[in-house]
Amino acid sequence: MGRYVWDIPNTTLVYGGNDLSKSALVIGGGIAGIQASLDLADRGIHVYLVEKDATIGGVMCRLDKTFPTNDCSACILSPKMADCNGHPNITTLTYHEVLKVDGQAGDFKVTVLKKARYVNPKECTGCGDCLAKCPVKNIPDKYEFGLVNRKAIYIPHAQAVPRVAVIDKDYCNMIKKGKCGICAKNCGKGAIHYDDKDEEIVLDVGSIIAAPGFQVWDAKIGTEYGYGRYQNVVTAIEYERIMCASGPDRGHIKVPSSGEDPKKIAYIQCCGSRSEKKGWKKYCSSVCCMYATKQAMITKEHGDLQEDIFFMDIRSYGKEFEAYIHRGEDEYGIKMHRGARVSNIEEDPVTKKLIINYTDDKNDGVSEEFDMAVLSVGLAPPAGAEQFADTLGIELNEYGFCKTSVFHPLETTRPGIFVTGAFAAPKDIPTSVAEACGASAKAGAWIVDENFEPCAPKIYPEEKDVIGKEPRIGVWVCHCGINIGAVVDVPAVAEYAKSLPGVVVSQQSQYACAQDCLDAISNAISEYDLNRVVVASCTPRTHEPLFREACRNGGLNKYLCNMANIRDQCSWIHMHEHEAATAKAKDLLRMAIAKAALLEPLVGSEIPVTNSAAVIGGGITGMTAALDIAAQGYPVYLVEKENELGGFARNFRFKEDGIAVADFLAETIKKVEENKLITVKKGATVADIPGYVGNFKLQLTSGEEYPVGAVLFAVGAKPYEPTEYNFGADDKVMTQIVAEKKVDEGSLNAENLVFIQCVGSRSDSVSYCSRVCCASSLRIAIKAKLANPMANVTIIHKDIRTYGFREEMYLKACQLGVKFVRTDAAAAMPEYDGKVVKAFDMTLGDNIEIPVDALVLAAGIAPDRENKENLAKMVKVPISKDGYYFEAHQKLRPVDFATEGVYVAGAAHWPKFMDECIAQASGAASRILTVISKDKLISEGIVASTNTNLCDGCGVCVGCCDYNAITLVEDECGGIKSNVNAGLCKGCGCCVASCPAGALEQRGFRSKQIIAEIDACLDYPVGGE
Amino acid sequence: MADFEPRIVAFCCNWCSYAGADGAGVARLQMPTNFRIIRTMCSARVDPEFVLRAFSKGADGVIVLGCHPADCHYIGGNYRARRRIALLRMVLEQYGFDPKRLKLEWVSASEGEKFQTTIVGFVDTIKALGPTPLQKEAN
């Protein structure tokens, strides 16, 4: 289990995997900080994770669902929070704050304030008894954004990690006045100590990752929207809690003033963003268009109602975002008001209904009545950002976010301190996760040197021998607060389990996944001499690792643990059927116990790891990843199909942060070619990549072969070749690349310069948004206007998608007099006859004609599907419907593939800007380092195996295996037998079901184990009694 | 017949349909309680023996749920499941079971709602078919 602060002496200490190696420090326990910590820890580096709040999880753990998959936010984050807290290499320091950073990169001394919690986390079980009797009740609950009140002693929320109470000293009567002490009397563990004091500790670290996140913009600044005055105006972040099943109203959406179901909800975009008004932010907050659409979609799933989203431009630039918006509009019937900025909101004083005044797409003023308004508030720098920056000695940018640069997106202005997450710019979760990985690659490079020793693996108690022993099963039935307990009669289920064969002990638990219950499970293994553990709670998909870890801590092989899913697949889907749900829970538990009795200890086989990596693609992305991997001492084979490195960026003529891309590219190529650890293969083509994680063979068509442990696909994409607008035949029609060259050379000579956006994007043929074209057109338009202020520069667009700080370019272009013509997104593209462009101007509501001397086509990015498919087949990874590589999980595993040991970054994943490619490349490098830095990997124990006594060598299984894991081999007696390579076997069990002789078995899912479940289900009446 | 509550065994693959079933739970989609899920790593792990075992023990219906075509976590396991189940339905028919008692359906990890409608539909089907022919035999 994780080392907590109370394990650390309060003096300066050198603490890490060993005395030689430094630790890393991660500040901020949101998703970015958690991911950065996990990657560093998996790399063998010890990490301090400092979080100022009493729990990790940040903003993400308070969200309801996440776009564009509509995954439950808590469900996908909770396992990571638990991993983080349980990781042997991570010391999670919640309720701590960084005070001072001395020293320099490689050798920082960081003073950290341990805030008095008044509850000893070592003794607290998180039972909540102390909360029940606390007399101070009216404190706005920060976690619920003040929608409900909490007490002076509180546990931040149900999924808090660590689940430990904390006393709010500003409100506690005992601490303030010395009168009360009720909570201490109610604490059965004596965990409460009113004399707790703040303490300072000093940490020695080699590098620092700053991930303090963001705060939402204060909606009270926008007085025109009435937030704080009108009851029915809520912010989007409050609305997340209102929608959430774990929120104050259990996900029942009500009109605040009346408590009735809303019939009409308005979502107001750009609250606090994209405005020069006082107190507002000039930049675009990047995520609000998507989250508002998500909220509207989820709300629709709660009930039938009318929903309207009011926005200027819809900015769905990310992977599969455009399709998501279309789904919202077409399938969910959400009304999208394009180009509609809401000027103000008024309230009907009697009905409390809201009158929303806006300009519609024809520039007419419209008033419409709604029951509720949700303000899509933007992302602002975190509270206290300036002081935080002072403490760390880093600079902020003009918007108050951490200062970074395009070529070094993860680096702050102080060497050895890196940044990730929304502190660098407003961004979504996958980008934060990819960058968090990237920051850990950068931070790791300051710690890994020739003397570096990875943290020793966690030592578990010796596993007890269970072979041949009668099953002695321990059962825990979880209430999950009221998630299970309110529907299923948990005491009856726990009692019933006692009657089942092999069950020695059966207990109830408030939260089986809480640390106290996990410890209880570990202890019970020796106390009751258990050799099997069964937990009836939630889904094994998220929580099995926790209970397996508890078994290991108690000296039991982790595969001797089984779960019955009585929450997700019982109490939650049968909420009104208490008896039937209780009977079902008993059946599910009985089935789980029957299987558990037959479980056997499994030991994963050790897979040796080749400590090198292959990077396919020598563009900016591939080169950045190669350099990051080499920086930690591992060889890289970099394969580029062209005869020179640089990829598509060789076409770029612009500057970023005052430095020409060409110069940065030349410098990067030089670094790569001079790096002794990087073997560059130019003009090379990959023939095949056989193997599996840790043991791939990179085979080139030249016949060369290199053993590698992991593979990165950084093959990019390619520009869309326009077939429209007589491109190629008409000299006046050009791409952005050519236009920029001409503008730079001063050879454009166009009095009438017209840009057409979305050529080859957001159309019938290519449905997605290519993300980068708006900013490119603006950059060229600005240059053209500066060179010739009298020129007529017009951009014809559907939406301008300059998200984040790129909004600045849009503002500048407007100021310089670039004309913007908004066309209807659904209407036909503008026409061009060689002299004029005809387009439908939405604002005028009429067709307009613009004379043209030069027509720039903002041609999008095409996926280059064939090239991707060739590689995809070699390692069996999927490609999305848009033709880009499809990652393992869109939110939390953005650079991993489901196939272990293979990763993706850059435009091969999705079109993106250079800084995003660089950050993601570092992210992929970090993921690769977590594999190739190990000498061996332990394979999953659930694999197929052959009983050679039964096998007659028919070979049916060989053809059945999609992973080529099965071969026919000759045994010592000359018999032909099937043989499973455990390293290649993915454990699907397909071959097992195919074997006519019953010779193949799947460990952990043996036929007799599954049949035991079937029998346990049907041999008893429903409910067992 | 009105109070006939069928007993249904559902085999769900770990990656898509089991996750879809969890998704139905997360979204609090309500459905009848007649089914019990057995988790396998892949729908292709569902040995015909398991299905026959369930029927022989008195199950009124068996449903196998896997990943959508082309979405299989194990590349092609669902295609193999599809072939096996098709064959098995023929075998069941020869033994006097209505083949509708065995169903194969695709449910992805994000399709909680499809899981719900599939279960509701299958429970209705089995209710219409009545108890397993084995029960009539026993009576």
# chains A, B, ... in the order shown; residues from 1 in each chain; ligands from 1

$ select_by_dssp --residues "segment 53-97 of chain B" --states "strand (DSSP E)" --output "list of chain:residue names"
B:Gly61, B:Val62, B:Ile63, B:Val64, B:Leu65, B:Gly66

$ closest_atom_pairs --of "chain A" --to "chain B" --cutoff "9 Å" --atoms "only C-alpha atoms" --output "Markdown table"
| residue | atom | partner | partner_atom | distance |
| --- | --- | --- | --- | --- |
| A:Thr69 | CA | B:Ser110 | CA | 7.3 |
| A:Asn70 | CA | B:Ser110 | CA | 7.7 |
| A:Asp71 | CA | B:Ser110 | CA | 7.4 |
| A:Cys72 | CA | B:Val26 | CA | 7.3 |
| A:Cys75 | CA | B:Val26 | CA | 8.5 |
| A:Ala245 | CA | B:Ala27 | CA | 8.3 |
| A:Cys538 | CA | B:Asp22 | CA | 8.9 |
| A:Thr539 | CA | B:Asp22 | CA | 7.1 |
| A:Arg541 | CA | B:Ala19 | CA | 7.6 |
| A:Asn565 | CA | B:Asp22 | CA | 8.9 |
| A:Arg567 | CA | B:Gly25 | CA | 7.4 |
| A:Asp568 | CA | B:Gly25 | CA | 4.3 |
| A:Gln569 | CA | B:Gly25 | CA | 5.8 |
| A:Cys570 | CA | B:Gly25 | CA | 7.6 |
| A:Ser571 | CA | B:Gly25 | CA | 8.0 |
| A:Trp572 | CA | B:Gly25 | CA | 4.9 |
| A:Ile573 | CA | B:Gln30 | CA | 4.4 |
| A:His574 | CA | B:Gln30 | CA | 5.6 |
| A:Met575 | CA | B:Gln30 | CA | 7.1 |
| A:His576 | CA | B:Gln30 | CA | 8.6 |
| A:Glu577 | CA | B:Thr33 | CA | 8.3 |
| A:Ala580 | CA | B:Thr33 | CA | 6.5 |
| A:Ala581 | CA | B:Thr33 | CA | 6.8 |
| A:Lys584 | CA | B:Thr33 | CA | 7.1 |
| A:Asp587 | CA | B:Arg36 | CA | 7.9 |
| A:Leu588 | CA | B:Arg36 | CA | 6.9 |
| A:Met591 | CA | B:Ile38 | CA | 8.7 |
| A:Lys876 | CA | B:Ile75 | CA | 7.6 |
| A:Val877 | CA | B:Ile75 | CA | 8.9 |
| A:Pro878 | CA | B:Asp71 | CA | 8.5 |
| A:Ala898 | CA | B:His73 | CA | 7.8 |
| A:Cys960 | CA | B:Arg80 | CA | 8.3 |
| A:Cys961 | CA | B:Gly77 | CA | 8.8 |
| A:Asp962 | CA | B:Ile75 | CA | 6.7 |
| A:Tyr963 | CA | B:Tyr74 | CA | 8.4 |
| A:Lys986 | CA | B:Tyr74 | CA | 7.5 |
| A:Gly987 | CA | B:Met41 | CA | 7.2 |
| A:Cys988 | CA | B:Cys42 | CA | 5.2 |
| A:Gly989 | CA | B:Arg45 | CA | 4.7 |
| A:Cys990 | CA | B:Ala44 | CA | 4.7 |
| A:Cys991 | CA | B:Arg45 | CA | 7.7 |
| A:Val992 | CA | B:Arg45 | CA | 6.7 |
| A:Ala993 | CA | B:Asp47 | CA | 4.5 |
| A:Ser994 | CA | B:Asp47 | CA | 7.5 |
| A:Gln1002 | CA | B:Arg45 | CA | 8.8 |
| A:Phe1005 | CA | B:Thr40 | CA | 7.1 |
| A:Ser1007 | CA | B:Phe50 | CA | 8.1 |
| A:Ile1010 | CA | B:Phe50 | CA | 7.6 |
| A:Ile1011 | CA | B:Phe50 | CA | 6.5 |
| A:Glu1013 | CA | B:Ile38 | CA | 7.4 |
| A:Ile1014 | CA | B:Ala54 | CA | 6.1 |
| A:Asp1015 | CA | B:Lys57 | CA | 7.1 |
| A:Cys1017 | CA | B:Arg36 | CA | 7.6 |
| A:Leu1018 | CA | B:Lys57 | CA | 6.0 |
| A:Asp1019 | CA | B:Lys57 | CA | 6.8 |
| A:Val1022 | CA | B:Arg7 | CA | 8.4 |

$ closest_residue --among "A:Leu855, A:Val287, A:Ala236, A:Ala160" --to "Tyr803 of chain A" --atoms "only C-alpha atoms"
A:Val287

$ residues_around --residues "segment 715-729 of chain A" --least-positions-apart "4" --cutoff "10 Å" --atoms "only C-alpha atoms" --output "PyMOL selection string"
chain A and resi 615-622+639-641+647-648+733-735+756+759-761+766+770+829-834+837+855-865+867-868+871+883-884+904-912+917

$ closest_residue --among "A:Val711, A:Ala919, A:Ile242, A:Val233" --to "Gly901 of chain A" --atoms "only C-alpha atoms"
A:Val711

$ select_by_dssp --residues "chain B" --states "alpha helix (DSSP H)" --output "PDB file with N, CA and C atoms, in the first residue's frame"
ATOM      1  N   SER B  17     -19.485  -6.596 -23.836  1.00  0.00           N
ATOM      2  CA  SER B  17     -20.852  -6.754 -23.350  1.00  0.00           C
ATOM      3  C   SER B  17     -20.933  -6.717 -21.823  1.00  0.00           C
ATOM      4  N   TYR B  18     -19.914  -7.260 -21.132  1.00  0.00           N
ATOM      5  CA  TYR B  18     -19.930  -7.165 -19.670  1.00  0.00           C
ATOM      6  C   TYR B  18     -19.828  -5.687 -19.272  1.00  0.00           C
ATOM      7  N   ALA B  19     -18.977  -4.976 -20.004  1.00  0.00           N
ATOM      8  CA  ALA B  19     -18.849  -3.532 -19.758  1.00  0.00           C
ATOM      9  C   ALA B  19     -20.147  -2.813 -20.107  1.00  0.00           C
ATOM     10  N   GLY B  20     -20.817  -3.282 -21.162  1.00  0.00           N
ATOM     11  CA  GLY B  20     -22.109  -2.707 -21.534  1.00  0.00           C
ATOM     12  C   GLY B  20     -23.141  -2.934 -20.438  1.00  0.00           C
ATOM     13  N   ALA B  21     -23.091  -4.121 -19.839  1.00  0.00           N
ATOM     14  CA  ALA B  21     -23.992  -4.423 -18.729  1.00  0.00           C
ATOM     15  C   ALA B  21     -23.689  -3.509 -17.543  1.00  0.00           C
ATOM     16  N   ASP B  22     -22.402  -3.293 -17.289  1.00  0.00           N
ATOM     17  CA  ASP B  22     -22.030  -2.334 -16.243  1.00  0.00           C
ATOM     18  C   ASP B  22     -22.541  -0.941 -16.603  1.00  0.00           C
ATOM     19  N   GLY B  23     -22.409  -0.616 -17.887  1.00  0.00           N
ATOM     20  CA  GLY B  23     -22.856   0.699 -18.357  1.00  0.00           C
ATOM     21  C   GLY B  23     -24.342   0.891 -18.125  1.00  0.00           C
ATOM     22  N   ALA B  24     -25.096  -0.175 -18.334  1.00  0.00           N
ATOM     23  CA  ALA B  24     -26.534  -0.096 -18.060  1.00  0.00           C
ATOM     24  C   ALA B  24     -26.750   0.227 -16.588  1.00  0.00           C
ATOM     25  N   GLY B  25     -25.920  -0.351 -15.745  1.00  0.00           N
ATOM     26  CA  GLY B  25     -26.016  -0.090 -14.317  1.00  0.00           C
ATOM     27  C   GLY B  25     -25.659   1.343 -13.980  1.00  0.00           C
ATOM     28  N   VAL B  26     -24.545   1.811 -14.549  1.00  0.00           N
ATOM     29  CA  VAL B  26     -24.109   3.182 -14.275  1.00  0.00           C
ATOM     30  C   VAL B  26     -25.201   4.167 -14.697  1.00  0.00           C
ATOM     31  N   PRO B  48     -19.806 -24.728 -26.502  1.00  0.00           N
ATOM     32  CA  PRO B  48     -21.167 -25.252 -26.671  1.00  0.00           C
ATOM     33  C   PRO B  48     -21.600 -26.079 -25.460  1.00  0.00           C
ATOM     34  N   GLU B  49     -20.633 -26.701 -24.830  1.00  0.00           N
ATOM     35  CA  GLU B  49     -20.930 -27.497 -23.640  1.00  0.00           C
ATOM     36  C   GLU B  49     -21.620 -26.655 -22.556  1.00  0.00           C
ATOM     37  N   PHE B  50     -21.168 -25.390 -22.406  1.00  0.00           N
ATOM     38  CA  PHE B  50     -21.747 -24.533 -21.366  1.00  0.00           C
ATOM     39  C   PHE B  50     -23.234 -24.290 -21.646  1.00  0.00           C
ATOM     40  N   VAL B  51     -23.529 -24.030 -22.909  1.00  0.00           N
ATOM     41  CA  VAL B  51     -24.903 -23.722 -23.283  1.00  0.00           C
ATOM     42  C   VAL B  51     -25.782 -24.946 -23.042  1.00  0.00           C
ATOM     43  N   LEU B  52     -25.280 -26.094 -23.471  1.00  0.00           N
ATOM     44  CA  LEU B  52     -26.056 -27.329 -23.299  1.00  0.00           C
ATOM     45  C   LEU B  52     -26.219 -27.661 -21.823  1.00  0.00           C
ATOM     46  N   ARG B  53     -25.166 -27.387 -21.065  1.00  0.00           N
ATOM     47  CA  ARG B  53     -25.230 -27.627 -19.621  1.00  0.00           C
ATOM     48  C   ARG B  53     -26.350 -26.794 -18.990  1.00  0.00           C
ATOM     49  N   ALA B  54     -26.381 -25.526 -19.378  1.00  0.00           N
ATOM     50  CA  ALA B  54     -27.395 -24.628 -18.809  1.00  0.00           C
ATOM     51  C   ALA B  54     -28.791 -25.127 -19.153  1.00  0.00           C
ATOM     52  N   PHE B  55     -28.989 -25.501 -20.409  1.00  0.00           N
ATOM     53  CA  PHE B  55     -30.316 -26.006 -20.793  1.00  0.00           C
ATOM     54  C   PHE B  55     -30.630 -27.300 -20.044  1.00  0.00           C
ATOM     55  N   SER B  56     -29.636 -28.168 -19.914  1.00  0.00           N
ATOM     56  CA  SER B  56     -29.899 -29.455 -19.258  1.00  0.00           C
ATOM     57  C   SER B  56     -30.220 -29.261 -17.781  1.00  0.00           C
ATOM     58  N   GLY B  77     -12.673 -13.208 -32.227  1.00  0.00           N
ATOM     59  CA  GLY B  77     -13.368 -14.181 -31.384  1.00  0.00           C
ATOM     60  C   GLY B  77     -14.869 -14.191 -31.596  1.00  0.00           C
ATOM     61  N   ASN B  78     -15.430 -12.986 -31.802  1.00  0.00           N
ATOM     62  CA  ASN B  78     -16.891 -12.913 -31.950  1.00  0.00           C
ATOM     63  C   ASN B  78     -17.375 -13.615 -33.215  1.00  0.00           C
ATOM     64  N   TYR B  79     -16.530 -13.601 -34.254  1.00  0.00           N
ATOM     65  CA  TYR B  79     -16.930 -14.304 -35.481  1.00  0.00           C
ATOM     66  C   TYR B  79     -17.019 -15.804 -35.208  1.00  0.00           C
ATOM     67  N   ARG B  80     -16.085 -16.304 -34.417  1.00  0.00           N
ATOM     68  CA  ARG B  80     -16.114 -17.735 -34.103  1.00  0.00           C
ATOM     69  C   ARG B  80     -17.339 -18.061 -33.253  1.00  0.00           C
ATOM     70  N   ALA B  81     -17.634 -17.166 -32.303  1.00  0.00           N
ATOM     71  CA  ALA B  81     -18.823 -17.367 -31.474  1.00  0.00           C
ATOM     72  C   ALA B  81     -20.060 -17.411 -32.362  1.00  0.00           C
ATOM     73  N   ARG B  82     -20.097 -16.534 -33.357  1.00  0.00           N
ATOM     74  CA  ARG B  82     -21.263 -16.454 -34.233  1.00  0.00           C
ATOM     75  C   ARG B  82     -21.484 -17.787 -34.952  1.00  0.00           C
ATOM     76  N   ARG B  83     -20.391 -18.364 -35.461  1.00  0.00           N
ATOM     77  CA  ARG B  83     -20.511 -19.638 -36.177  1.00  0.00           C
ATOM     78  C   ARG B  83     -20.953 -20.735 -35.218  1.00  0.00           C
ATOM     79  N   ARG B  84     -20.354 -20.755 -34.049  1.00  0.00           N
ATOM     80  CA  ARG B  84     -20.681 -21.824 -33.100  1.00  0.00           C
ATOM     81  C   ARG B  84     -22.139 -21.743 -32.660  1.00  0.00           C
ATOM     82  N   ILE B  85     -22.589 -20.546 -32.385  1.00  0.00           N
ATOM     83  CA  ILE B  85     -23.962 -20.407 -31.885  1.00  0.00           C
ATOM     84  C   ILE B  85     -24.956 -20.778 -32.981  1.00  0.00           C
ATOM     85  N   ALA B  86     -24.636 -20.395 -34.222  1.00  0.00           N
ATOM     86  CA  ALA B  86     -25.531 -20.737 -35.342  1.00  0.00           C
ATOM     87  C   ALA B  86     -25.691 -22.254 -35.433  1.00  0.00           C
ATOM     88  N   LEU B  87     -24.569 -22.942 -35.295  1.00  0.00           N
ATOM     89  CA  LEU B  87     -24.578 -24.403 -35.366  1.00  0.00           C
ATOM     90  C   LEU B  87     -25.352 -24.993 -34.188  1.00  0.00           C
ATOM     91  N   LEU B  88     -25.092 -24.394 -33.052  1.00  0.00           N
ATOM     92  CA  LEU B  88     -25.690 -24.905 -31.815  1.00  0.00           C
ATOM     93  C   LEU B  88     -27.217 -24.764 -31.843  1.00  0.00           C
ATOM     94  N   ARG B  89     -27.676 -23.687 -32.461  1.00  0.00           N
ATOM     95  CA  ARG B  89     -29.129 -23.496 -32.550  1.00  0.00           C
ATOM     96  C   ARG B  89     -29.762 -24.621 -33.368  1.00  0.00           C
ATOM     97  N   MET B  90     -29.061 -25.061 -34.393  1.00  0.00           N
ATOM     98  CA  MET B  90     -29.568 -26.184 -35.196  1.00  0.00           C
ATOM     99  C   MET B  90     -29.628 -27.445 -34.343  1.00  0.00           C
ATOM    100  N   VAL B  91     -28.579 -27.651 -33.564  1.00  0.00           N
ATOM    101  CA  VAL B  91     -28.519 -28.853 -32.716  1.00  0.00           C
ATOM    102  C   VAL B  91     -29.666 -28.823 -31.706  1.00  0.00           C
ATOM    103  N   LEU B  92     -29.857 -27.632 -31.101  1.00  0.00           N
ATOM    104  CA  LEU B  92     -30.902 -27.512 -30.080  1.00  0.00           C
ATOM    105  C   LEU B  92     -32.278 -27.849 -30.663  1.00  0.00           C
ATOM    106  N   GLU B  93     -32.501 -27.382 -31.875  1.00  0.00           N
ATOM    107  CA  GLU B  93     -33.789 -27.607 -32.516  1.00  0.00           C
ATOM    108  C   GLU B  93     -34.044 -29.107 -32.669  1.00  0.00           C
ATOM    109  N   GLN B  94     -32.966 -29.829 -32.997  1.00  0.00           N
ATOM    110  CA  GLN B  94     -33.121 -31.270 -33.178  1.00  0.00           C
ATOM    111  C   GLN B  94     -33.459 -31.976 -31.872  1.00  0.00           C
ATOM    112  N   GLY B 112     -25.061   0.601 -22.918  1.00  0.00           N
ATOM    113  CA  GLY B 112     -25.883   0.175 -21.791  1.00  0.00           C
ATOM    114  C   GLY B 112     -27.343   0.026 -22.196  1.00  0.00           C
ATOM    115  N   GLU B 113     -27.779   0.971 -23.023  1.00  0.00           N
ATOM    116  CA  GLU B 113     -29.168   0.957 -23.431  1.00  0.00           C
ATOM    117  C   GLU B 113     -29.483  -0.261 -24.297  1.00  0.00           C
ATOM    118  N   LYS B 114     -28.526  -0.619 -25.166  1.00  0.00           N
ATOM    119  CA  LYS B 114     -28.757  -1.794 -26.006  1.00  0.00           C
ATOM    120  C   LYS B 114     -28.787  -3.052 -25.134  1.00  0.00           C
ATOM    121  N   PHE B 115     -27.952  -3.050 -24.103  1.00  0.00           N
ATOM    122  CA  PHE B 115     -27.979  -4.193 -23.189  1.00  0.00           C
ATOM    123  C   PHE B 115     -29.376  -4.318 -22.584  1.00  0.00           C
ATOM    124  N   GLN B 116     -29.883  -3.183 -22.142  1.00  0.00           N
ATOM    125  CA  GLN B 116     -31.218  -3.177 -21.534  1.00  0.00           C
ATOM    126  C   GLN B 116     -32.281  -3.689 -22.515  1.00  0.00           C
ATOM    127  N   THR B 117     -32.313  -3.140 -23.719  1.00  0.00           N
ATOM    128  CA  THR B 117     -33.365  -3.534 -24.662  1.00  0.00           C
ATOM    129  C   THR B 117     -33.202  -4.995 -25.063  1.00  0.00           C
ATOM    130  N   THR B 118     -31.945  -5.445 -25.153  1.00  0.00           N
ATOM    131  CA  THR B 118     -31.704  -6.843 -25.510  1.00  0.00           C
ATOM    132  C   THR B 118     -32.260  -7.775 -24.434  1.00  0.00           C
ATOM    133  N   ILE B 119     -31.974  -7.431 -23.190  1.00  0.00           N
ATOM    134  CA  ILE B 119     -32.449  -8.276 -22.088  1.00  0.00           C
ATOM    135  C   ILE B 119     -33.977  -8.246 -22.019  1.00  0.00           C
ATOM    136  N   VAL B 120     -34.531  -7.046 -22.109  1.00  0.00           N
ATOM    137  CA  VAL B 120     -35.992  -6.927 -22.038  1.00  0.00           C
ATOM    138  C   VAL B 120     -36.627  -7.757 -23.146  1.00  0.00           C
ATOM    139  N   GLY B 121     -36.076  -7.634 -24.355  1.00  0.00           N
ATOM    140  CA  GLY B 121     -36.620  -8.363 -25.494  1.00  0.00           C
ATOM    141  C   GLY B 121     -36.498  -9.869 -25.314  1.00  0.00           C
ATOM    142  N   PHE B 122     -35.351 -10.300 -24.799  1.00  0.00           N
ATOM    143  CA  PHE B 122     -35.125 -11.738 -24.663  1.00  0.00           C
ATOM    144  C   PHE B 122     -36.028 -12.332 -23.575  1.00  0.00           C
ATOM    145  N   VAL B 123     -36.197 -11.591 -22.489  1.00  0.00           N
ATOM    146  CA  VAL B 123     -37.092 -12.067 -21.426  1.00  0.00           C
ATOM    147  C   VAL B 123     -38.511 -12.208 -21.983  1.00  0.00           C
ATOM    148  N   ASP B 124     -38.926 -11.235 -22.798  1.00  0.00           N
ATOM    149  CA  ASP B 124     -40.255 -11.314 -23.415  1.00  0.00           C
ATOM    150  C   ASP B 124     -40.367 -12.544 -24.319  1.00  0.00           C
ATOM    151  N   THR B 125     -39.326 -12.764 -25.120  1.00  0.00           N
ATOM    152  CA  THR B 125     -39.325 -13.916 -26.024  1.00  0.00           C
ATOM    153  C   THR B 125     -39.519 -15.207 -25.240  1.00  0.00           C
ATOM    154  N   ILE B 126     -38.733 -15.349 -24.165  1.00  0.00           N
ATOM    155  CA  ILE B 126     -38.779 -16.600 -23.402  1.00  0.00           C
ATOM    156  C   ILE B 126     -40.124 -16.722 -22.675  1.00  0.00           C
ATOM    157  N   LYS B 127     -40.627 -15.586 -22.212  1.00  0.00           N
ATOM    158  CA  LYS B 127     -41.943 -15.633 -21.557  1.00  0.00           C
ATOM    159  C   LYS B 127     -42.996 -16.140 -22.543  1.00  0.00           C
ATOM    160  N   ALA B 128     -42.885 -15.683 -23.790  1.00  0.00           N
ATOM    161  CA  ALA B 128     -43.841 -16.102 -24.815  1.00  0.00           C
ATOM    162  C   ALA B 128     -43.677 -17.591 -25.127  1.00  0.00           C
ATOM    163  N   LEU B 129     -42.425 -18.047 -25.080  1.00  0.00           N
ATOM    164  CA  LEU B 129     -42.178 -19.463 -25.397  1.00  0.00           C
ATOM    165  C   LEU B 129     -42.596 -20.386 -24.254  1.00  0.00           C
ATOM    166  N   PRO B 133     -38.714 -27.007 -22.318  1.00  0.00           N
ATOM    167  CA  PRO B 133     -39.377 -28.292 -22.565  1.00  0.00           C
ATOM    168  C   PRO B 133     -38.985 -29.351 -21.539  1.00  0.00           C
ATOM    169  N   LEU B 134     -37.824 -29.176 -20.912  1.00  0.00           N
ATOM    170  CA  LEU B 134     -37.402 -30.153 -19.902  1.00  0.00           C
ATOM    171  C   LEU B 134     -38.382 -30.193 -18.737  1.00  0.00           C
ATOM    172  N   GLN B 135     -38.925 -29.003 -18.401  1.00  0.00           N
ATOM    173  CA  GLN B 135     -39.840 -28.941 -17.255  1.00  0.00           C
ATOM    174  C   GLN B 135     -41.120 -29.709 -17.535  1.00  0.00           C
ATOM    175  N   LYS B 136     -41.611 -29.575 -18.799  1.00  0.00           N
ATOM    176  CA  LYS B 136     -42.822 -30.302 -19.185  1.00  0.00           C
ATOM    177  C   LYS B 136     -42.575 -31.803 -19.041  1.00  0.00           C
ATOM    178  N   GLU B 137     -41.360 -32.189 -19.465  1.00  0.00           N
ATOM    179  CA  GLU B 137     -40.987 -33.591 -19.367  1.00  0.00           C
ATOM    180  C   GLU B 137     -41.020 -34.056 -17.913  1.00  0.00           C
ATOM    181  N   ALA B 138     -40.437 -33.222 -17.052  1.00  0.00           N
ATOM    182  CA  ALA B 138     -40.361 -33.572 -15.623  1.00  0.00           C
ATOM    183  C   ALA B 138     -41.761 -33.693 -15.028  1.00  0.00           C
TER     184      ALA B 138
END

$ atom_distance --atom1 "atom CA of Arg590 of chain A" --atom2 "atom CA of Lys103 of chain B"
24.9 Å

$ atom_distance --atom1 "atom CA of Lys263 of chain A" --atom2 "atom CA of Asp304 of chain A"
7.6 Å

$ atom_distance --atom1 "atom CA of Lys681 of chain A" --atom2 "atom CA of Ala924 of chain A"
20.1 Å

$ residues_around --residues "Ala597 of chain A" --least-positions-apart "4" --cutoff "8 Å" --atoms "only C-alpha atoms" --output "list in words"
Pro471, Ile473, Gly502, Arg532 and Ile593 of chain A
